[in-house]
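Just below is one structure, and these are the notes that go with it.
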Amino acid sequence: PLPDPHPRAAAELIDLLLGGPHFVANASLAPWVGVGYWQEANLDEAFANYLLATPGSAGGSNSTTARRRTAVVGALQRSFRTYTAERLIAGTAYGASNTSYDDLLWWALAYLRAHELCVAQPAVLRCDDAPGGGSLLQQGRLIFDFMYDHSWNEDFCDGGYCWALKAQNYKNCVTNQQGVLVAAKLARLLPAGARCDCKAGESYRAIALRTSGWLRRSPMRNASNGLYNDGLRPEPNSNATCANDHGQSPTLPFPSSHFRGFPACDSCCLAADR
């Protein structure tokens, strides 16, 4: 749960975004113009956070608050209609590319946060009516599964997610920290029969723990100050030797204690991963 924001500050921020030059009020169009597609995912997550922190129905009132919430919900729905998991993975959603995995994972986080919103406030947003088909939760899962299948490798540094399809020799900080967070969320949010990546026979919980452990052990973490480097390359005297420490992410890897009490996986998983 989020701490209660200052009501006036939260409202002023939302009004600033909705009244800004990048927001498109026309309900038949995508909600943002002149904004990077991964930044739009960040805005969607911020909108979902606002709705979660200020409970109430999106309709049924002519108050300023109700109108603001209605506009925010409409923007979320239009954004998800533009950037479905299928289009993001195919790289056909406007200028979106399927090659930068950190960009895709911002969308996975936005979909999972919207799922948490629809669970908490079903009258505001429906969980099972994602524009891309199925549920908001499934959209987030599809994005993560695509990233996991194409990004994780142990060719150098003994593991980690590569930054992009075009950069298999570079493992960046943000993608790996996002990967921990998304896998951990999937482990908590998916129903009991769907908590595994059955192709790999591994649970999302195990994936999150493995990635988090790799981050703590790898040269991605600067031993001298505990900060995380921008990324790793296999070449000598590169970032892999901790030469660069300007790449801090908002989602640091979780300690093992964060995963205590996770629900057990279904039978598709290896026994060792339960």
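Letters A, B, ... mark the chains of the structure tokens in the order given; residue numbers begin at 1 per chain; ligand numbers begin at 1, in order shown.
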Could you pull the residues within 12 Å of A:Gly20, counting only C-alpha atoms, minus those fewer than 6 positions along the same chain, as a ChimeraX atom specification? /A:12-14,31-35
Could you please write out, as a PyMOL selection string, every residue of stretch 82-242 of chain A that DSSP assigns to strand (DSSP E or B)? chain A and resi 100+152+161+164+167+171-172+196-197+202-203+221+228+231-232
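We find atom CA of A:Gly160 and atom CA of A:Leu109 to be spaced 19.0 Å apart.
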Alpha helix (DSSP H) call set, DSSP backbone run, stretch 29-115 of chain A, as number ranges by chain: A: 37-53, 64-82, 85-90, 101-115
What is the distance between atom CA of A:Leu136 and atom CA of A:His115, in Å to one decimal? 5.5 Å
Please measure the separation of atom CA of A:Leu52 and atom CA of A:Val119, giving the value in Å to one decimal. 10.2 Å
Find the spatial neighbours of A:Asp128, counting only C-alpha atoms, within a cut-off of 10 Å - ignore same-chain residues fewer than 2 positions away - and output them as an MDAnalysis selection string. chainID A and resid 115 118 125:126 130:131 133:138
Distance query A:Arg205 at most 7 Å, only C-alpha atoms, self and fewer than 5 positions along chain excluded, as JSON, numbers by chain: {"A": [183, 184, 187]}
Could you list, as a PDB file with N, CA, C and O atoms, in the first residue's frame, every residue within 9 Å of A:Phe156, counting only C-alpha atoms and ignoring same-chain residues fewer than 4 positions away?
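After the write, around-v7.pdb holds the following:
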ATOM      1  N   GLY A 160      22.254 -12.938 -15.662  1.00  0.00           N
ATOM      2  CA  GLY A 160      21.769 -11.582 -15.844  1.00  0.00           C
ATOM      3  C   GLY A 160      21.003 -11.385 -17.142  1.00  0.00           C
ATOM      4  O   GLY A 160      21.107 -12.167 -18.082  1.00  0.00           O
ATOM      5  N   ASN A 169      25.710  -8.295 -25.633  1.00  0.00           N
ATOM      6  CA  ASN A 169      26.965  -8.250 -24.884  1.00  0.00           C
ATOM      7  C   ASN A 169      26.943  -7.150 -23.820  1.00  0.00           C
ATOM      8  O   ASN A 169      27.989  -6.704 -23.351  1.00  0.00           O
ATOM      9  N   ARG A 233      29.884  -5.375 -19.355  1.00  0.00           N
ATOM     10  CA  ARG A 233      30.306  -5.913 -20.645  1.00  0.00           C
ATOM     11  C   ARG A 233      31.380  -6.971 -20.404  1.00  0.00           C
ATOM     12  O   ARG A 233      32.064  -6.931 -19.385  1.00  0.00           O
ATOM     13  N   PRO A 234      31.564  -7.878 -21.338  1.00  0.00           N
ATOM     14  CA  PRO A 234      32.563  -8.929 -21.129  1.00  0.00           C
ATOM     15  C   PRO A 234      33.996  -8.472 -21.331  1.00  0.00           C
ATOM     16  O   PRO A 234      34.932  -9.135 -20.883  1.00  0.00           O
TER      17      PRO A 234
END
Which residues come within 10 Å of A:Leu43, counting only C-alpha atoms, excluding same-chain residues fewer than 3 positions away, as a ChimeraX atom specification? /A:17,32,35,37-40,46-49,75-76,79,110
Can you pull out the residues contacting A:Ala208? Cut-off 10 Å, using only C-alpha atoms, and skip same-chain residues under 4 positions away; I want them as a compact mmCIF listing (two decimals) with N, CA and C atoms, in the first residue's frame.
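Listed below is the output, part35.txt:
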# COMPACT_ATOMS: atom_id res chain seq x y z
N ASN A 176 17.82 -5.47 -15.08
CA ASN A 176 17.93 -6.53 -14.09
C ASN A 176 17.16 -6.21 -12.82
N GLN A 177 17.16 -4.97 -12.40
CA GLN A 177 16.40 -4.62 -11.21
C GLN A 177 14.89 -4.63 -11.49
N GLN A 178 14.50 -4.16 -12.67
CA GLN A 178 13.10 -4.31 -13.06
C GLN A 178 12.70 -5.78 -13.09
N GLY A 179 13.58 -6.62 -13.62
CA GLY A 179 13.27 -8.04 -13.72
C GLY A 179 12.99 -8.67 -12.38
N VAL A 180 13.72 -8.25 -11.34
CA VAL A 180 13.44 -8.75 -9.99
C VAL A 180 12.05 -8.33 -9.57
N LEU A 181 11.73 -7.07 -9.75
CA LEU A 181 10.46 -6.54 -9.27
C LEU A 181 9.27 -7.16 -10.00
N VAL A 182 9.36 -7.28 -11.32
CA VAL A 182 8.23 -7.85 -12.09
C VAL A 182 8.03 -9.31 -11.73
N ALA A 183 9.11 -10.10 -11.66
CA ALA A 183 8.97 -11.51 -11.31
C ALA A 183 8.39 -11.67 -9.91
N ALA A 184 8.83 -10.84 -8.97
CA ALA A 184 8.30 -10.90 -7.60
C ALA A 184 6.82 -10.56 -7.57
N LYS A 185 6.42 -9.56 -8.35
CA LYS A 185 5.00 -9.20 -8.41
C LYS A 185 4.18 -10.32 -9.01
N LEU A 186 4.67 -10.93 -10.08
CA LEU A 186 3.94 -12.04 -10.69
C LEU A 186 3.78 -13.19 -9.71
N ALA A 187 4.82 -13.46 -8.92
CA ALA A 187 4.74 -14.54 -7.94
C ALA A 187 3.66 -14.28 -6.91
N SER A 203 9.62 -21.34 -11.18
CA SER A 203 8.62 -20.42 -10.67
C SER A 203 9.09 -18.98 -10.81
N TYR A 204 8.12 -18.05 -10.86
CA TYR A 204 8.48 -16.63 -10.88
C TYR A 204 9.21 -16.25 -9.60
N SER A 212 17.88 -11.56 -8.16
CA SER A 212 18.30 -10.72 -7.04
C SER A 212 19.64 -11.17 -6.48
N GLY A 213 19.80 -12.48 -6.33
CA GLY A 213 21.07 -13.01 -5.84
C GLY A 213 22.21 -12.72 -6.80
N TRP A 214 21.94 -12.88 -8.10
CA TRP A 214 22.97 -12.58 -9.09
C TRP A 214 23.39 -11.12 -9.02
N PRO A 253 17.32 -4.56 -5.84
CA PRO A 253 16.97 -5.97 -5.65
C PRO A 253 16.57 -6.27 -4.22
N PHE A 254 15.65 -7.20 -4.08
CA PHE A 254 15.09 -7.52 -2.77
C PHE A 254 15.95 -8.54 -2.04
N SER A 256 16.36 -11.90 0.37
CA SER A 256 15.58 -13.14 0.37
C SER A 256 14.37 -13.06 1.29
N PHE A 259 10.74 -12.56 0.09
CA PHE A 259 9.98 -13.60 -0.57
C PHE A 259 9.41 -14.64 0.39
